[in-house]
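Undergrad: Structure in structure tokens, see below.
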Number of protein chains: 2
Amino acid sequence: MIDQSQLEQAFSQGRARVREHGELRYTSFIHDHNDIARGTAIFANRTVYGYPRIGRVVHLGTGLQEQFKGSFWAEEKINGYNVRVFKTAGQVLALTRGGFVCPFTTDRIGDLMDPSVFDRDPDLVICAEIAGPDNPYNESFPPFVSHDVQLFVFDLQRIDRPGTMEQDEKLALIDRYQLPAVRCFGHFQPQDLETIKRLMLQLDADGAEGLVFKNAFKSAKYVTAYSTLSDIHSTSEFLTDMPAEYFTGRILRLALFLQEQGLTHTRELDRRLGDAFLDGLTQAIEQFQREHKVYHTHRCRFRHRDNAEMLLAHLEQAGSHRVQINRRDLRREGEYWVLEFDRAYASINGLLGHLLSGGLVFD
Amino acid sequence: MIDQSQLEQAFSQGRARVREHGELRYTSFIHDHNDIARGTAIFANRTVYGYPRIGRVVHLGTGLQEQFKGSFWAEEKINGYNVRVFKTAGQVLALTRGGFVCPFTTDRIGDLMDPSVFDRDPDLVICAEIAGPDNPYNESFPPFVSHDVQLFVFDLQRIDRPGTMEQDEKLALIDRYQLPAVRCFGHFQPQDLETIKRLMLQLDADGAEGLVFKNAFKSAKYVTAYSTLSDIHSTSEFLTDMPAEYFTGRILRLALFLQEQGLTHTRELDRRLGDAFLDGLTQAIEQFQREHKVYHTHRCRFRHRDNAEMLLAHLEQAGSHRVQINRRDLRREGEYWVLEFDRAYASINGLLGHLLSGGLVFD
């Protein structure tokens, strides 16, 4: 339970704020506050704690030895966005990592999983990744989700309790409630390095994002070359709107993956890295020359029109002057409302405008 | 003439400082101060003004139209470091861009050009690029300078006068004094775009850095894909010690070059970009695993041992905690003292140490 004085302090320090979702008012922690994680949200007197941050290893051999003294589980990491799904005051809601009730995920939750699980187990919080082409946030998505979005459960929490459930209990509940979960590849020891490296190569070939290793004490993630290249490919169009370290960090990660797997850099991997940058940028330049604007069109489907409006209002407000959201269309298609909107980033547009009209840069 | 009150103000604001080169004391402007450019240096009562900053165009078609209303010259840009060479109190000295008397260039100036020109023309300041494998500063160098270093004159200044000479006067003096100068490709109009684009493709194929366009009012530079890829290739080993924008800026520049030349991105160019990153990084990882340190060995030759010592002392002091300089060898070889030293950057070494020993990153 978060006591009143902690809450008041968090508000006064700008770490918590009141948010609204339709009629619903809730408090969310937009920054860590003492031991309360960012993303923690309070609905009346029920608290959904933030999902813990997971560190990354970029060298498997030493990383598993160093981080896990004993055994650990290995589960698939999915390239999407993280939500916590739960039920409060009769409503099933989906919170983003940052503690915001996502109108899109909340709208579609009944399509993605069976919400009656919360009637059987009212304190359950389902931690899941939402992934697929028709999502409002990410440019990239797993190749094995070919349309719309899917939900992949990777952890469970309890209302009013920080931290995630232990693996045995989680797997038992996933099984009992028939939840759509990420693939669990089993229980390993740090000495199983060669097995894990082979598994990682297979995941890389399949276009998977990577693995999360976890036991009762610790979690760590490790991603494939595919995931790194896919991140670069899908964001190079907005090269200057991301922190430049977004790209250099991934290039280093890729080099370490290849070197550890004994792939060093083949001509094909060199080509894929170059293409990841130049394909997006060439498209951006050509789009700018054609339409005087670089943007990416998102499309997502809603059950209720209100939720589409709520999402748009949120995106417009959240992006402030760095991102411009432009509604294209909101139309009825069968049982759904289909929303289409463009997301245009300010920096790449301003810079290409300057450079392509012959402007000078001093660097 | 820079008056005493300007000088005092610059000192008090930390924009000027007194430096020493052996027995010689001089003042240099380490930052711009009012209209006095960074790199300006005062020797007794003679001032050598800073070399002006040159803006970059990254789109030739619009850049030439926008920056040059009338005609302009096009000269080769050389990948090296910028010096101003002049004579004062009986000594020929070479100042770096930042206004520091370079002990290496000063030592070797008699090998690189005929210093008697300063006896014929005592107020002459020669602005030149020093380029080649055996230099103490740059990792990369032009493929057409296969050993040691060469000097390429690209502008002339006068003692006590800011700014560079006009092109006609400069070309006449280069001819009269038989100075080793950069290639001048002639006089153009903005409408000569196709000719300049073809010239640029030829320079790219030759491994040249690019062109500087100049007339009496303005200068602007434009570089080849080769140069961009070479910069990335030679610095990717120290990926995290450069501002990350160093890399993203070059990737954008490359994409614009290719797109304007109608090359978009071929498989071969994709491969070269990927290789530019992964080759350096793979070498860095392997060097770290072998020697517990990533470093680059520089080698340069001196006429006088004292100058080698002075250069090392300067590099050690200038790098502070970000760069570690390690002397390998200083030995006599024929007429020269050959200095070998390693330059190791702190960030990539610290980061690889953490990552390769299995450390976590939170990003």
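Within each chain, counting starts at residue 1; across the structure tokens, chains are named A, B, ... in the order shown, with ligands numbered 1 upward in that order.
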If we count only C-alpha atoms and set the cut-off at 8 Å, which residues sit around His304 of chain B, ignoring sequence neighbours fewer than 5 positions away in its own chain? Please answer as a ChimeraX atom specification.
TA: /B:107,336-337
Undergrad: Excluding segment 137-148 of chain B and its own-chain neighbours fewer than 6 positions away, which residues fall within 7 Å of it when counting only C-alpha atoms? Please give them as a list in words.
TA: Asn79, Gly80, Ala131, Gly207, Ala208, Ser230, Asp231 and Ser234 of chain B
Undergrad: Go ahead and dump the residues you just picked, N, CA and C atoms, as a compact mmCIF listing (two decimals), in the first residue's frame.
TA:
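Everything below was put into again.txt:
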# COMPACT_ATOMS: atom_id res chain seq x y z
N ASN B 79 41.68 15.05 -47.15
CA ASN B 79 41.39 14.48 -45.84
C ASN B 79 42.65 14.45 -44.98
N GLY B 80 42.82 15.51 -44.20
CA GLY B 80 43.99 15.59 -43.32
C GLY B 80 43.69 16.54 -42.18
N ALA B 131 48.35 15.54 -44.82
CA ALA B 131 47.63 14.26 -44.94
C ALA B 131 48.59 13.14 -45.24
N GLY B 207 38.80 7.93 -54.54
CA GLY B 207 39.06 7.98 -53.10
C GLY B 207 39.42 9.37 -52.62
N ALA B 208 38.95 10.40 -53.32
CA ALA B 208 39.20 11.77 -52.87
C ALA B 208 38.14 12.16 -51.84
N SER B 230 34.89 6.26 -45.37
CA SER B 230 36.24 6.17 -44.81
C SER B 230 36.27 6.74 -43.38
N ASP B 231 35.58 7.84 -43.17
CA ASP B 231 35.48 8.40 -41.80
C ASP B 231 34.87 7.38 -40.85
N SER B 234 37.21 4.35 -40.20
CA SER B 234 38.41 4.57 -39.38
C SER B 234 38.08 4.95 -37.94
Undergrad: Using DSSP on the backbone, list every residue of segment 147-264 of chain A that comes out as helix (DSSP H, G or I), and give them as a VMD selection string.
TA: chain A and resid 167 to 177 190 to 206 225 to 241 244 to 260
Undergrad: Using only C-alpha atoms, find which residues of chain B lie within 7 Å of chain A and jot them down as a PyMOL selection string.
TA: chain B and resi 55-59+62-63+66+244-245+248+255+259+264-265+267+270-271+273-275+278+281-282+355-362
Undergrad: As a ChimeraX atom specification, please: the residues near Asp123 of chain A (cut-off 8 Å, only C-alpha atoms, same-chain neighbours under 3 positions excluded).
TA: /A:86-87,118,158-159
Undergrad: Between atom CA of Phe152 of chain A and atom CA of Val182 of chain A, measure the distance and give it in Å to one decimal.
TA: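 Calculated distance between atom CA of Phe152 of chain A and atom CA of Val182 of chain A is 5.2 Å.
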Undergrad: So that I can check the surroundings of Glu209 of chain B, please list as a ChimeraX atom specification every protein, DNA and RNA residue that reaches within 6 Å of it, counting only C-alpha atoms and ignoring chain neighbours fewer than 5 positions away.
TA: /B:77-79,223-224,227
Undergrad: Among segment 18-143 of chain B, which residues carry a DSSP assignment of strand (DSSP E or B), reported as JSON, numbers by chain?
TA: {"B": [18, 19, 20, 21, 24, 25, 26, 27, 28, 29, 33, 36, 41, 42, 43, 46, 47, 48, 55, 56, 72, 73, 74, 75, 76, 77, 81, 82, 83, 84, 85, 86, 87, 88, 91, 92, 93, 94, 95, 96, 101, 124, 125, 126, 127, 128, 129, 130, 131]}
Undergrad: How many Å separate atom CA of Tyr177 of chain B from atom CA of Asn45 of chain B?
TA: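 Straight-line distance from atom CA of Tyr177 of chain B to atom CA of Asn45 of chain B works out to 26.0 Å.
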